[in-house]
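Written out below as structure tokens is the structure these notes cover.
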There are 4 protein chains.
Amino acid sequence: MRHEKVDVIFQAAIKVFADSGFDQARMDEIAKEAGVAKGTIYYHFKSKEDLFVGLMNEGVQKLIDFAKRSIKRYDSPTEQMQALVKSHVLFYVENGMLAKLLLSEAFGTKSRQHQFRMKIHEYLRLIETILRRGAETGEFKVKHVPEAASAFFGAASVVVLQKLYSLEESELRQIDEAVPQMIESLQHIVMCSIKNSPYL
Amino acid sequence: MRHEKVDVIFQAAIKVFADSGFDQARMDEIAKEAGVAKGTIYYHFKSKEDLFVGLMNEGVQKLIDFAKRSIKRYDSPTEQMQALVKSHVLFYVENGMLAKLLLSEAFGTKSRQHQFRMKIHEYLRLIETILRRGAETGEFKVKHVPEAASAFFGAASVVVLQKLYSLEESELRQIDEAVPQMIESLQHIVMCSIKNSPYL
Amino acid sequence: MRHEKVDVIFQAAIKVFADSGFDQARMDEIAKEAGVAKGTIYYHFKSKEDLFVGLMNEGVQKLIDFAKRSIKRYDSPTEQMQALVKSHVLFYVENGMLAKLLLSEAFGTKSRQHQFRMKIHEYLRLIETILRRGAETGEFKVKHVPEAASAFFGAASVVVLQKLYSLEESELRQIDEAVPQMIESLQHIVMCSIKNSPYL
Amino acid sequence: MRHEKVDVIFQAAIKVFADSGFDQARMDEIAKEAGVAKGTIYYHFKSKEDLFVGLMNEGVQKLIDFAKRSIKRYDSPTEQMQALVKSHVLFYVENGMLAKLLLSEAFGTKSRQHQFRMKIHEYLRLIETILRRGAETGEFKVKHVPEAASAFFGAASVVVLQKLYSLEESELRQIDEAVPQMIESLQHIVMCSIKNSPYL
DNA sequence: GATGAATGAGCTTTCATTCAT
DNA sequence: AATGAATGAAAGCTCATTCAT
């Protein structure tokens, strides 16, 4: 069982990293947000980078777990793909900070960014798995599976973020109203492009 | 006519910002890369942020101009949309650095990020214009135009970046071989999801 | 109880600020003089300006306290005024650095200079209080109290500084011999100009 | 005859140095104020310090000349001393910037400050000359002439500056109303303390 | 386990000065 | 004589990290 303080620090770190990005995040602020002394963070984590990597892995893992739970309820690849798109949007709306970090910290040559991409790759493989199963059952027809997975990931991520940042601070509650629209749009795009036979 | 040194600094800055992101980029490094003294940068730009904003605006403008030139050669929205996807991929492969900054620095609450999103919005509006024209001619059928534009932008951006970063340093030349594949995949996704009638 | 390091920094800062003035004083030098790292200063003080303001307030407060203690021993305004002049000279000779900063940093439109003048004003009010009490008892006759207070302050300050700077480095010990002369001169000036009846 | 541009630069420099003090004054600003290129200043002056020293000498010289002209109209040391006090106040009110620089830049160990003190010393010697002549004629009785000169200089300087800075920006016109009061106060102080016989 | 005072390398920015034109 | 683009030394300040308690 993880130490109690570690959880407190994780929660604080998520918030601060999401608000500010890796570079602008201050260990001081994380400590203050967590209500612990700065030294305590260093007792539990080797470095800022270490904390960040742990955090990102956990974040993406949650995204993966959430997606897997959504998928599990369906058998056909078609339904699973739709469930995946829906879970992606819902998770991002609920965890906007992660979405932002996903795009802003995923690309780069730094070691932490490489590690981060590895973790994201797990999620992409989940998408690819469904696509491949759909191809086997004959429901889907996808020529370049990895490219399709990347494309869906990018499309879904940018659509949600663009919506989040286009709403003013005061209108942020309207994001919930926009969710069905985003899900519909993305499902349409995804299904159209992979369905063997024409999609509605 | 812009001063010669300004161009040298711009070229150096785009390289360094792309390598490291805004925060990790060092003015020292930009100066060294440009072969000028650090003070020279500050003689021409008010601040690091000023340099970055100028750079990004110019970068996105080039993307917009490149896309517009590609589109101009065609009349039908269908051909224009395919041309746009192609130009997007080609531009990103040629300007991988800008592509990375486009995703990593576009989202956030900083003023420079807001300015940056405004500029990207110009590009999104270009996509939307084609989509709307296609809807008018009856070639396209798009329910939520802004969402579709964001989705295509996100899909195309992530596909190229994912490919760029999945190739090791030594295999970077292979990127050119991957270009047709990426274009084909993205065109397929885009056309399928907007075509009024089934797209083969 | 104030932290030990704060005192060390204060002592070093007063020396460096006095040697060089606010602008020419270097935080590096203060740190070196104090035997602490530069960061330590910024751990305890918000900025160079913050350090300076704290220092000046404390310095002038010491001058005020010293004057008040000197005055307390006497009842008659006449004796108090003489005590004040004497204490002023003694304090300045002992704290030449503060004296210099008092004149060189008090005037200007910067916020820190305004704050500084406010503090000096406390000292001037002390002088004015004695002058007014003397007027009540009939011992003094002063037409413009604030002008008189400023004049005595300026006279005493410049006399000591002029003497300090007219002595070469090597003759600085002679300052002690000059003290009685300065006190006598200033007391003469002050008493003559405020005494109701002729002062010998 | 001095080069035309030198005068333009001098006028600009006076303004900028007075507004900001030596350290905070920027050569850029002086150039802009003078309407010349920065290089032009360096064509006529060796350095910022060189410009400042030249300026200060000229400023103090003007003060000296103004005092001498005021004195010349009278024969008796008594009248001359009163004229000197009056001219000092009038000059300071008219040239507040010089007054400020006089106090803020006169003390210190820098070479320019030493040179500056030398120049001020000329003014002090002028005061001393009158005091000594008064002693010879029997009108005055001054025990320590240099101390008295310093005291009068300090008193007059601080009185005017304190008044200038105590008035808010908007009330600066009231300074003219305060002039007679300052002159009266200072003349009273000076005359009382040097007159052989009681001064009313 | 936990703390927070202390550190110092490293950052952006400033600005007096130079020099080719 | 005059210019102003270019310079680079130095400054104030930040903040991840350490370590004695």
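Naming works like this for the structure tokens: A, B, ... for the chains as they're shown, residue 1 at the start of each chain, ligands 1 onward in shown order.
Superposing chain B on chain A by least squares over every C-alpha atom, paired in sequence order, leaves a C-alpha RMSD of 0.3 Å.
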- Message: Which residues are near stretch 12-26 of chain D? Cut-off 7 Å, only C-alpha atoms (C1' of nucleotides), ignore same chain within fewer than 3 positions. Put them as number ranges by chain.
- Response: C: 23; D: 8-9, 29-30, 33-34, 55, 97-98, 101
- All residues 9 Å or closer to B:Lys163, only C-alpha atoms (C1' of nucleotides), same chain fewer than 4 positions away omitted, as a list in words: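 Counting only C-alpha atoms (C1' of nucleotides), the residues come to Glu147 of chain A; Val158, Val159, Leu167, Ile175, Ala178 and Met182 of chain B.
Using only C-alpha atoms, the smallest distance between any of D:Asp28, D:Ser193, D:Glu177, D:Ser170 and D:Tyr42 comes from D:Asp28.
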Going by DSSP on the backbone, which bits of stretch 106-181 of chain B are alpha helix (DSSP H)? Write them as a compact mmCIF listing (two decimals) with all heavy atoms, in the first residue's frame, please.
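Saved the output as selection.txt:
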```txt
# COMPACT_ATOMS: atom_id res chain seq x y z
N SER B 111 -0.50 34.29 -22.05
CA SER B 111 -0.89 35.22 -23.11
C SER B 111 -0.31 34.79 -24.46
O SER B 111 -0.97 34.85 -25.49
CB SER B 111 -0.43 36.63 -22.75
OG SER B 111 -0.11 37.35 -23.91
N ARG B 112 0.94 34.36 -24.44
CA ARG B 112 1.57 33.98 -25.71
C ARG B 112 0.88 32.77 -26.30
O ARG B 112 0.77 32.64 -27.52
CB ARG B 112 3.06 33.70 -25.52
CG ARG B 112 3.36 32.43 -24.76
CD ARG B 112 4.80 31.97 -24.90
NE ARG B 112 4.95 30.63 -24.35
CZ ARG B 112 5.12 30.36 -23.07
NH1 ARG B 112 5.16 31.34 -22.19
NH2 ARG B 112 5.22 29.10 -22.64
N GLN B 113 0.38 31.90 -25.44
CA GLN B 113 -0.32 30.72 -25.93
C GLN B 113 -1.68 31.10 -26.52
O GLN B 113 -2.12 30.53 -27.51
CB GLN B 113 -0.48 29.70 -24.79
CG GLN B 113 0.87 29.16 -24.33
CD GLN B 113 0.79 28.37 -23.04
OE1 GLN B 113 0.08 28.75 -22.11
NE2 GLN B 113 1.53 27.28 -22.98
N HIS B 114 -2.30 32.07 -25.90
CA HIS B 114 -3.57 32.57 -26.42
C HIS B 114 -3.37 33.17 -27.81
O HIS B 114 -4.11 32.88 -28.75
CB HIS B 114 -4.15 33.60 -25.46
CG HIS B 114 -5.53 34.03 -25.81
ND1 HIS B 114 -6.63 33.21 -25.65
CD2 HIS B 114 -6.00 35.17 -26.35
CE1 HIS B 114 -7.70 33.84 -26.06
NE2 HIS B 114 -7.35 35.03 -26.49
N GLN B 115 -2.35 34.02 -27.92
CA GLN B 115 -2.03 34.62 -29.22
C GLN B 115 -1.77 33.56 -30.27
O GLN B 115 -2.17 33.68 -31.43
CB GLN B 115 -0.78 35.50 -29.09
CG GLN B 115 -1.01 36.84 -28.44
CD GLN B 115 0.29 37.65 -28.43
OE1 GLN B 115 0.85 37.98 -29.47
NE2 GLN B 115 0.78 37.96 -27.24
N PHE B 116 -1.07 32.52 -29.81
CA PHE B 116 -0.71 31.44 -30.70
C PHE B 116 -1.97 30.72 -31.20
O PHE B 116 -2.13 30.45 -32.39
CB PHE B 116 0.20 30.48 -29.94
CG PHE B 116 0.90 29.47 -30.78
CD1 PHE B 116 0.99 29.61 -32.15
CD2 PHE B 116 1.46 28.36 -30.19
CE1 PHE B 116 1.64 28.66 -32.92
CE2 PHE B 116 2.11 27.40 -30.94
CZ PHE B 116 2.20 27.56 -32.31
N ARG B 117 -2.89 30.45 -30.27
CA ARG B 117 -4.14 29.78 -30.67
C ARG B 117 -4.92 30.63 -31.65
O ARG B 117 -5.55 30.12 -32.59
CB ARG B 117 -5.00 29.48 -29.43
CG ARG B 117 -4.64 28.20 -28.73
CD ARG B 117 -5.77 27.70 -27.86
NE ARG B 117 -6.15 28.64 -26.81
CZ ARG B 117 -5.48 28.82 -25.69
NH1 ARG B 117 -4.37 28.12 -25.44
NH2 ARG B 117 -5.89 29.68 -24.79
N MET B 118 -4.90 31.95 -31.45
CA MET B 118 -5.60 32.84 -32.37
C MET B 118 -5.08 32.64 -33.80
O MET B 118 -5.83 32.61 -34.76
CB MET B 118 -5.37 34.30 -31.97
CG MET B 118 -6.03 34.73 -30.68
SD MET B 118 -7.85 34.65 -30.74
CE MET B 118 -8.15 33.00 -30.06
N LYS B 119 -3.76 32.51 -33.89
CA LYS B 119 -3.14 32.36 -35.21
C LYS B 119 -3.50 31.01 -35.82
O LYS B 119 -3.81 30.91 -37.03
CB LYS B 119 -1.62 32.49 -35.07
CG LYS B 119 -0.89 32.65 -36.39
CD LYS B 119 -1.12 34.02 -37.01
CE LYS B 119 -0.64 34.08 -38.44
NZ LYS B 119 -0.97 35.38 -39.06
N ILE B 120 -3.47 29.97 -34.97
CA ILE B 120 -3.84 28.64 -35.47
C ILE B 120 -5.29 28.64 -35.94
O ILE B 120 -5.65 27.97 -36.90
CB ILE B 120 -3.63 27.59 -34.35
CG1 ILE B 120 -2.14 27.44 -34.05
CG2 ILE B 120 -4.23 26.24 -34.75
CD1 ILE B 120 -1.83 26.53 -32.88
N HIS B 121 -6.09 29.43 -35.26
CA HIS B 121 -7.49 29.52 -35.62
C HIS B 121 -7.68 29.97 -37.07
O HIS B 121 -8.62 29.57 -37.74
CB HIS B 121 -8.20 30.49 -34.67
CG HIS B 121 -9.59 30.07 -34.36
ND1 HIS B 121 -9.91 29.22 -33.31
CD2 HIS B 121 -10.77 30.32 -34.99
CE1 HIS B 121 -11.20 29.00 -33.32
NE2 HIS B 121 -11.75 29.64 -34.31
N GLU B 122 -6.77 30.80 -37.52
CA GLU B 122 -6.83 31.23 -38.93
C GLU B 122 -6.75 30.03 -39.85
O GLU B 122 -7.45 29.95 -40.87
CB GLU B 122 -5.66 32.17 -39.25
CG GLU B 122 -5.87 33.59 -38.80
CD GLU B 122 -4.76 34.49 -39.35
OE1 GLU B 122 -4.34 34.30 -40.52
OE2 GLU B 122 -4.28 35.37 -38.61
N TYR B 123 -5.86 29.11 -39.48
CA TYR B 123 -5.68 27.90 -40.29
C TYR B 123 -6.95 27.04 -40.22
O TYR B 123 -7.42 26.53 -41.24
CB TYR B 123 -4.47 27.14 -39.78
CG TYR B 123 -4.10 25.91 -40.58
CD1 TYR B 123 -3.79 26.00 -41.93
CD2 TYR B 123 -4.07 24.66 -39.98
CE1 TYR B 123 -3.45 24.87 -42.65
CE2 TYR B 123 -3.73 23.52 -40.69
CZ TYR B 123 -3.41 23.63 -42.03
OH TYR B 123 -3.08 22.50 -42.75
N LEU B 124 -7.49 26.92 -39.02
CA LEU B 124 -8.71 26.12 -38.86
C LEU B 124 -9.84 26.72 -39.68
O LEU B 124 -10.64 25.99 -40.29
CB LEU B 124 -9.11 26.05 -37.37
CG LEU B 124 -8.16 25.23 -36.47
CD1 LEU B 124 -8.62 25.29 -35.02
CD2 LEU B 124 -8.08 23.78 -36.94
N ARG B 125 -9.90 28.04 -39.72
CA ARG B 125 -10.96 28.68 -40.51
C ARG B 125 -10.83 28.38 -42.00
O ARG B 125 -11.82 28.28 -42.72
CB ARG B 125 -10.97 30.19 -40.28
CG ARG B 125 -11.76 30.60 -39.03
CD ARG B 125 -12.12 32.08 -39.08
NE ARG B 125 -10.92 32.90 -39.05
CZ ARG B 125 -10.35 33.36 -37.94
NH1 ARG B 125 -10.88 33.07 -36.77
NH2 ARG B 125 -9.28 34.10 -38.00
N LEU B 126 -9.58 28.23 -42.44
CA LEU B 126 -9.34 27.87 -43.84
C LEU B 126 -9.95 26.49 -44.13
O LEU B 126 -10.64 26.28 -45.15
CB LEU B 126 -7.83 27.85 -44.11
CG LEU B 126 -7.38 27.49 -45.53
CD1 LEU B 126 -7.89 28.51 -46.52
CD2 LEU B 126 -5.85 27.40 -45.60
N ILE B 127 -9.72 25.56 -43.21
CA ILE B 127 -10.30 24.22 -43.36
C ILE B 127 -11.82 24.32 -43.36
O ILE B 127 -12.50 23.72 -44.21
CB ILE B 127 -9.84 23.29 -42.21
CG1 ILE B 127 -8.31 23.23 -42.15
CG2 ILE B 127 -10.44 21.89 -42.38
CD1 ILE B 127 -7.76 22.36 -41.03
N GLU B 128 -12.34 25.09 -42.41
CA GLU B 128 -13.79 25.22 -42.30
C GLU B 128 -14.40 25.78 -43.58
O GLU B 128 -15.49 25.38 -44.00
CB GLU B 128 -14.16 26.10 -41.09
CG GLU B 128 -13.79 25.46 -39.74
CD GLU B 128 -14.08 26.38 -38.56
OE1 GLU B 128 -14.78 27.41 -38.77
OE2 GLU B 128 -13.62 26.09 -37.45
N THR B 129 -13.69 26.71 -44.18
CA THR B 129 -14.20 27.33 -45.41
C THR B 129 -14.41 26.29 -46.50
O THR B 129 -15.46 26.26 -47.17
CB THR B 129 -13.21 28.41 -45.90
OG1 THR B 129 -13.02 29.36 -44.86
CG2 THR B 129 -13.77 29.11 -47.14
N ILE B 130 -13.44 25.42 -46.66
CA ILE B 130 -13.57 24.37 -47.67
C ILE B 130 -14.73 23.44 -47.32
O ILE B 130 -15.54 23.08 -48.19
CB ILE B 130 -12.26 23.56 -47.79
CG1 ILE B 130 -11.09 24.48 -48.09
CG2 ILE B 130 -12.40 22.48 -48.87
CD1 ILE B 130 -9.75 23.76 -48.16
N LEU B 131 -14.80 23.06 -46.05
CA LEU B 131 -15.88 22.17 -45.63
C LEU B 131 -17.25 22.79 -45.94
O LEU B 131 -18.16 22.13 -46.44
CB LEU B 131 -15.77 21.86 -44.13
CG LEU B 131 -14.58 21.00 -43.69
CD1 LEU B 131 -14.58 20.79 -42.18
CD2 LEU B 131 -14.60 19.65 -44.41
N ARG B 132 -17.38 24.07 -45.65
CA ARG B 132 -18.68 24.73 -45.88
C ARG B 132 -18.99 24.84 -47.37
O ARG B 132 -20.12 24.64 -47.79
CB ARG B 132 -18.68 26.13 -45.25
CG ARG B 132 -18.71 26.08 -43.73
CD ARG B 132 -19.43 27.27 -43.09
NE ARG B 132 -19.47 27.08 -41.64
CZ ARG B 132 -18.43 27.37 -40.83
NH1 ARG B 132 -17.32 27.85 -41.32
NH2 ARG B 132 -18.56 27.15 -39.52
N ARG B 133 -17.96 25.14 -48.16
CA ARG B 133 -18.19 25.22 -49.60
C ARG B 133 -18.62 23.85 -50.14
O ARG B 133 -19.54 23.75 -50.96
CB ARG B 133 -16.94 25.69 -50.34
CG ARG B 133 -16.89 27.21 -50.52
CD ARG B 133 -15.93 27.58 -51.67
NE ARG B 133 -16.26 26.92 -52.90
CZ ARG B 133 -15.42 26.14 -53.61
NH1 ARG B 133 -14.19 25.94 -53.17
NH2 ARG B 133 -15.83 25.55 -54.74
N GLY B 134 -17.99 22.80 -49.65
CA GLY B 134 -18.35 21.46 -50.06
C GLY B 134 -19.78 21.13 -49.69
O GLY B 134 -20.49 20.42 -50.42
N ALA B 135 -20.20 21.59 -48.54
CA ALA B 135 -21.58 21.36 -48.10
C ALA B 135 -22.55 22.08 -49.04
O ALA B 135 -23.59 21.55 -49.42
CB ALA B 135 -21.76 21.83 -46.66
N GLU B 136 -22.16 23.29 -49.46
CA GLU B 136 -23.02 24.07 -50.37
C GLU B 136 -23.16 23.38 -51.74
O GLU B 136 -24.25 23.30 -52.30
CB GLU B 136 -22.43 25.47 -50.58
CG GLU B 136 -22.63 26.38 -49.36
CD GLU B 136 -21.79 27.64 -49.48
OE1 GLU B 136 -21.35 27.96 -50.63
OE2 GLU B 136 -21.53 28.30 -48.45
N THR B 137 -22.04 22.87 -52.24
CA THR B 137 -22.10 22.21 -53.55
C THR B 137 -22.73 20.83 -53.45
O THR B 137 -22.97 20.18 -54.46
CB THR B 137 -20.69 22.04 -54.14
OG1 THR B 137 -19.95 21.14 -53.29
CG2 THR B 137 -19.95 23.35 -54.24
N VAL B 145 -19.06 21.49 -38.25
CA VAL B 145 -17.87 21.93 -39.00
C VAL B 145 -16.67 22.23 -38.11
O VAL B 145 -15.56 21.74 -38.37
CB VAL B 145 -18.21 23.15 -39.89
CG1 VAL B 145 -16.95 23.76 -40.47
CG2 VAL B 145 -19.17 22.73 -40.99
N PRO B 146 -16.81 23.04 -37.04
CA PRO B 146 -15.61 23.34 -36.24
C PRO B 146 -14.98 22.09 -35.64
O PRO B 146 -13.75 21.95 -35.62
CB PRO B 146 -16.15 24.26 -35.14
CG PRO B 146 -17.43 24.80 -35.67
CD PRO B 146 -18.00 23.72 -36.55
N GLU B 147 -15.81 21.19 -35.15
CA GLU B 147 -15.27 19.95 -34.58
C GLU B 147 -14.51 19.16 -35.64
O GLU B 147 -13.43 18.62 -35.38
CB GLU B 147 -16.40 19.08 -34.00
CG GLU B 147 -16.85 19.47 -32.61
CD GLU B 147 -17.71 20.73 -32.61
OE1 GLU B 147 -18.07 21.20 -33.71
OE2 GLU B 147 -18.00 21.25 -31.53
N ALA B 148 -15.07 19.11 -36.83
CA ALA B 148 -14.40 18.38 -37.91
C ALA B 148 -13.05 19.00 -38.23
O ALA B 148 -12.04 18.29 -38.37
CB ALA B 148 -15.28 18.37 -39.16
N ALA B 149 -13.02 20.30 -38.30
CA ALA B 149 -11.76 20.99 -38.61
C ALA B 149 -10.70 20.68 -37.55
O ALA B 149 -9.55 20.35 -37.86
CB ALA B 149 -11.99 22.49 -38.72
N SER B 150 -11.08 20.81 -36.29
CA SER B 150 -10.16 20.49 -35.20
C SER B 150 -9.67 19.05 -35.30
O SER B 150 -8.49 18.75 -35.11
CB SER B 150 -10.84 20.68 -33.84
OG SER B 150 -11.11 22.03 -33.59
N ALA B 151 -10.62 18.15 -35.58
CA ALA B 151 -10.28 16.73 -35.64
C ALA B 151 -9.25 16.46 -36.73
O ALA B 151 -8.24 15.78 -36.50
CB ALA B 151 -11.53 15.90 -35.86
N PHE B 152 -9.46 17.03 -37.91
CA PHE B 152 -8.52 16.80 -39.01
C PHE B 152 -7.16 17.40 -38.68
O PHE B 152 -6.12 16.79 -38.95
CB PHE B 152 -9.06 17.40 -40.31
CG PHE B 152 -10.37 16.77 -40.73
CD1 PHE B 152 -11.27 17.45 -41.55
CD2 PHE B 152 -10.70 15.48 -40.31
CE1 PHE B 152 -12.46 16.86 -41.93
CE2 PHE B 152 -11.90 14.88 -40.69
CZ PHE B 152 -12.79 15.58 -41.50
N PHE B 153 -7.19 18.57 -38.10
CA PHE B 153 -5.93 19.22 -37.71
C PHE B 153 -5.18 18.34 -36.71
O PHE B 153 -3.98 18.09 -36.85
CB PHE B 153 -6.23 20.60 -37.11
CG PHE B 153 -5.03 21.31 -36.57
CD1 PHE B 153 -4.14 21.93 -37.42
CD2 PHE B 153 -4.77 21.34 -35.20
CE1 PHE B 153 -3.02 22.59 -36.93
CE2 PHE B 153 -3.65 21.98 -34.70
CZ PHE B 153 -2.78 22.61 -35.56
N GLY B 154 -5.88 17.89 -35.70
CA GLY B 154 -5.26 17.05 -34.67
C GLY B 154 -4.76 15.74 -35.25
O GLY B 154 -3.64 15.30 -34.96
N ALA B 155 -5.59 15.12 -36.07
CA ALA B 155 -5.21 13.84 -36.64
C ALA B 155 -3.94 13.97 -37.48
O ALA B 155 -2.97 13.23 -37.28
CB ALA B 155 -6.36 13.32 -37.50
N ALA B 156 -3.94 14.92 -38.38
CA ALA B 156 -2.80 15.10 -39.27
C ALA B 156 -1.53 15.44 -38.49
O ALA B 156 -0.44 14.94 -38.76
CB ALA B 156 -3.10 16.19 -40.30
N SER B 157 -1.68 16.30 -37.48
CA SER B 157 -0.51 16.72 -36.71
C SER B 157 0.09 15.56 -35.94
O SER B 157 1.30 15.33 -35.96
CB SER B 157 -0.91 17.85 -35.74
OG SER B 157 -1.45 18.94 -36.45
N VAL B 158 -0.75 14.81 -35.26
CA VAL B 158 -0.23 13.73 -34.43
C VAL B 158 0.34 12.60 -35.28
O VAL B 158 1.36 12.01 -34.94
CB VAL B 158 -1.32 13.21 -33.47
CG1 VAL B 158 -0.87 11.91 -32.78
CG2 VAL B 158 -1.65 14.26 -32.43
N VAL B 159 -0.31 12.31 -36.41
CA VAL B 159 0.21 11.23 -37.27
C VAL B 159 1.65 11.53 -37.69
O VAL B 159 2.53 10.68 -37.57
CB VAL B 159 -0.69 11.04 -38.51
CG1 VAL B 159 0.05 10.24 -39.59
CG2 VAL B 159 -1.96 10.32 -38.11
N VAL B 160 1.88 12.74 -38.16
CA VAL B 160 3.24 13.08 -38.60
C VAL B 160 4.23 13.07 -37.44
O VAL B 160 5.32 12.50 -37.54
CB VAL B 160 3.27 14.45 -39.32
CG1 VAL B 160 4.70 14.78 -39.74
CG2 VAL B 160 2.34 14.45 -40.51
N LEU B 161 3.84 13.69 -36.33
CA LEU B 161 4.76 13.75 -35.19
C LEU B 161 5.06 12.36 -34.65
O LEU B 161 6.21 12.05 -34.31
CB LEU B 161 4.17 14.63 -34.09
CG LEU B 161 4.42 16.13 -34.28
CD1 LEU B 161 3.69 16.93 -33.21
CD2 LEU B 161 5.91 16.43 -34.22
N GLN B 162 4.04 11.58 -34.52
CA GLN B 162 4.23 10.22 -34.01
C GLN B 162 5.22 9.47 -34.90
O GLN B 162 6.12 8.79 -34.41
CB GLN B 162 2.87 9.51 -33.99
CG GLN B 162 2.92 8.06 -33.54
CD GLN B 162 3.26 7.93 -32.06
OE1 GLN B 162 3.17 8.89 -31.30
NE2 GLN B 162 3.70 6.74 -31.65
N LYS B 163 5.08 9.66 -36.19
CA LYS B 163 6.00 9.01 -37.12
C LYS B 163 7.42 9.56 -36.96
O LYS B 163 8.40 8.81 -36.86
CB LYS B 163 5.52 9.23 -38.57
CG LYS B 163 6.35 8.56 -39.64
CD LYS B 163 6.31 7.05 -39.55
CE LYS B 163 4.96 6.49 -40.00
NZ LYS B 163 4.87 5.01 -39.86
N LEU B 164 7.52 10.88 -36.88
CA LEU B 164 8.84 11.51 -36.73
C LEU B 164 9.55 11.01 -35.48
O LEU B 164 10.75 10.72 -35.50
CB LEU B 164 8.69 13.04 -36.64
CG LEU B 164 8.56 13.80 -37.95
CD1 LEU B 164 8.23 15.27 -37.69
CD2 LEU B 164 9.85 13.70 -38.76
N TYR B 165 8.83 10.93 -34.38
CA TYR B 165 9.48 10.56 -33.13
C TYR B 165 9.62 9.04 -32.97
O TYR B 165 10.34 8.58 -32.09
CB TYR B 165 8.74 11.17 -31.94
CG TYR B 165 9.12 12.61 -31.76
CD1 TYR B 165 8.31 13.64 -32.24
CD2 TYR B 165 10.32 12.95 -31.14
CE1 TYR B 165 8.67 14.97 -32.10
CE2 TYR B 165 10.69 14.27 -30.98
CZ TYR B 165 9.86 15.28 -31.47
OH TYR B 165 10.24 16.59 -31.33
N SER B 166 8.89 8.27 -33.79
CA SER B 166 9.05 6.83 -33.67
C SER B 166 10.27 6.35 -34.44
O SER B 166 10.81 5.29 -34.15
CB SER B 166 7.79 6.10 -34.17
OG SER B 166 7.72 6.23 -35.58
N ILE B 175 11.67 8.84 -43.36
CA ILE B 175 10.44 9.60 -43.24
C ILE B 175 9.82 9.86 -44.61
O ILE B 175 8.61 9.85 -44.76
CB ILE B 175 10.67 10.93 -42.48
CG1 ILE B 175 9.35 11.64 -42.17
CG2 ILE B 175 11.58 11.88 -43.28
CD1 ILE B 175 8.52 10.94 -41.14
N ASP B 176 10.70 10.09 -45.59
CA ASP B 176 10.19 10.39 -46.92
C ASP B 176 9.39 9.22 -47.51
O ASP B 176 8.40 9.43 -48.21
CB ASP B 176 11.35 10.75 -47.86
CG ASP B 176 11.93 12.10 -47.49
OD1 ASP B 176 11.17 12.95 -46.97
OD2 ASP B 176 13.13 12.31 -47.71
N GLU B 177 9.84 8.02 -47.18
CA GLU B 177 9.11 6.84 -47.68
C GLU B 177 7.75 6.73 -47.00
O GLU B 177 6.80 6.19 -47.56
CB GLU B 177 9.90 5.57 -47.39
CG GLU B 177 11.32 5.61 -47.94
CD GLU B 177 12.17 4.49 -47.37
OE1 GLU B 177 11.59 3.50 -46.87
OE2 GLU B 177 13.42 4.61 -47.41
N ALA B 178 7.66 7.23 -45.78
CA ALA B 178 6.42 7.10 -45.03
C ALA B 178 5.40 8.15 -45.43
O ALA B 178 4.21 8.03 -45.10
CB ALA B 178 6.69 7.18 -43.52
N VAL B 179 5.85 9.18 -46.12
CA VAL B 179 4.96 10.29 -46.46
C VAL B 179 3.71 9.84 -47.25
O VAL B 179 2.60 10.18 -46.86
CB VAL B 179 5.73 11.40 -47.21
CG1 VAL B 179 4.76 12.36 -47.88
CG2 VAL B 179 6.64 12.15 -46.24
N PRO B 180 3.88 9.08 -48.34
CA PRO B 180 2.69 8.70 -49.11
C PRO B 180 1.68 7.93 -48.26
O PRO B 180 0.47 8.14 -48.37
CB PRO B 180 3.28 7.78 -50.19
CG PRO B 180 4.71 8.14 -50.28
CD PRO B 180 5.13 8.54 -48.92
N GLN B 181 2.22 7.08 -47.39
CA GLN B 181 1.36 6.30 -46.51
C GLN B 181 0.54 7.19 -45.58
O GLN B 181 -0.65 6.98 -45.37
CB GLN B 181 2.27 5.39 -45.69
CG GLN B 181 1.62 4.12 -45.23
CD GLN B 181 2.66 3.23 -44.58
OE1 GLN B 181 2.79 3.23 -43.37
NE2 GLN B 181 3.43 2.51 -45.40
```
- Pick out the residues sitting within 9 Å of stretch 4-14 of chain F, and hand them over as a ChimeraX atom specification; count only C-alpha atoms (C1' of nucleotides), and ignore anything fewer than 2 positions along from it in its own chain. /B:36-40,43 /C:26-27,39,42,47-48 /D:37-39 /E:11,13-14,17-18
- Hey, which of B:Leu63, B:Val6, B:Leu51, B:Leu103 ends up closest to chain F? Count only C-alpha atoms (C1' of nucleotides).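 Using only C-alpha atoms (C1' of nucleotides), the shortest distance to chain F belongs to B:Val6.
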- Query: Which residue, C:Lys195, C:Arg69, C:His144, C:Lys110, has the smallest gap to D:Ile183 when you use only C-alpha atoms?
  - Reply: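 Smallest separation from D:Ile183 among the options: C:His144.
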- What does the distance between atom CA of A:Leu102 and atom CA of B:Ile194 come to in Å, to one decimal place?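 Calculated distance between atom CA of A:Leu102 and atom CA of B:Ile194 is 27.5 Å.
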- Task: In Å, rounded to a single decimal, give me how far atom CA of A:Tyr74 is from atom CA of A:Ile189.
- Result: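 Computing it gives 20.2 Å between the two atoms.
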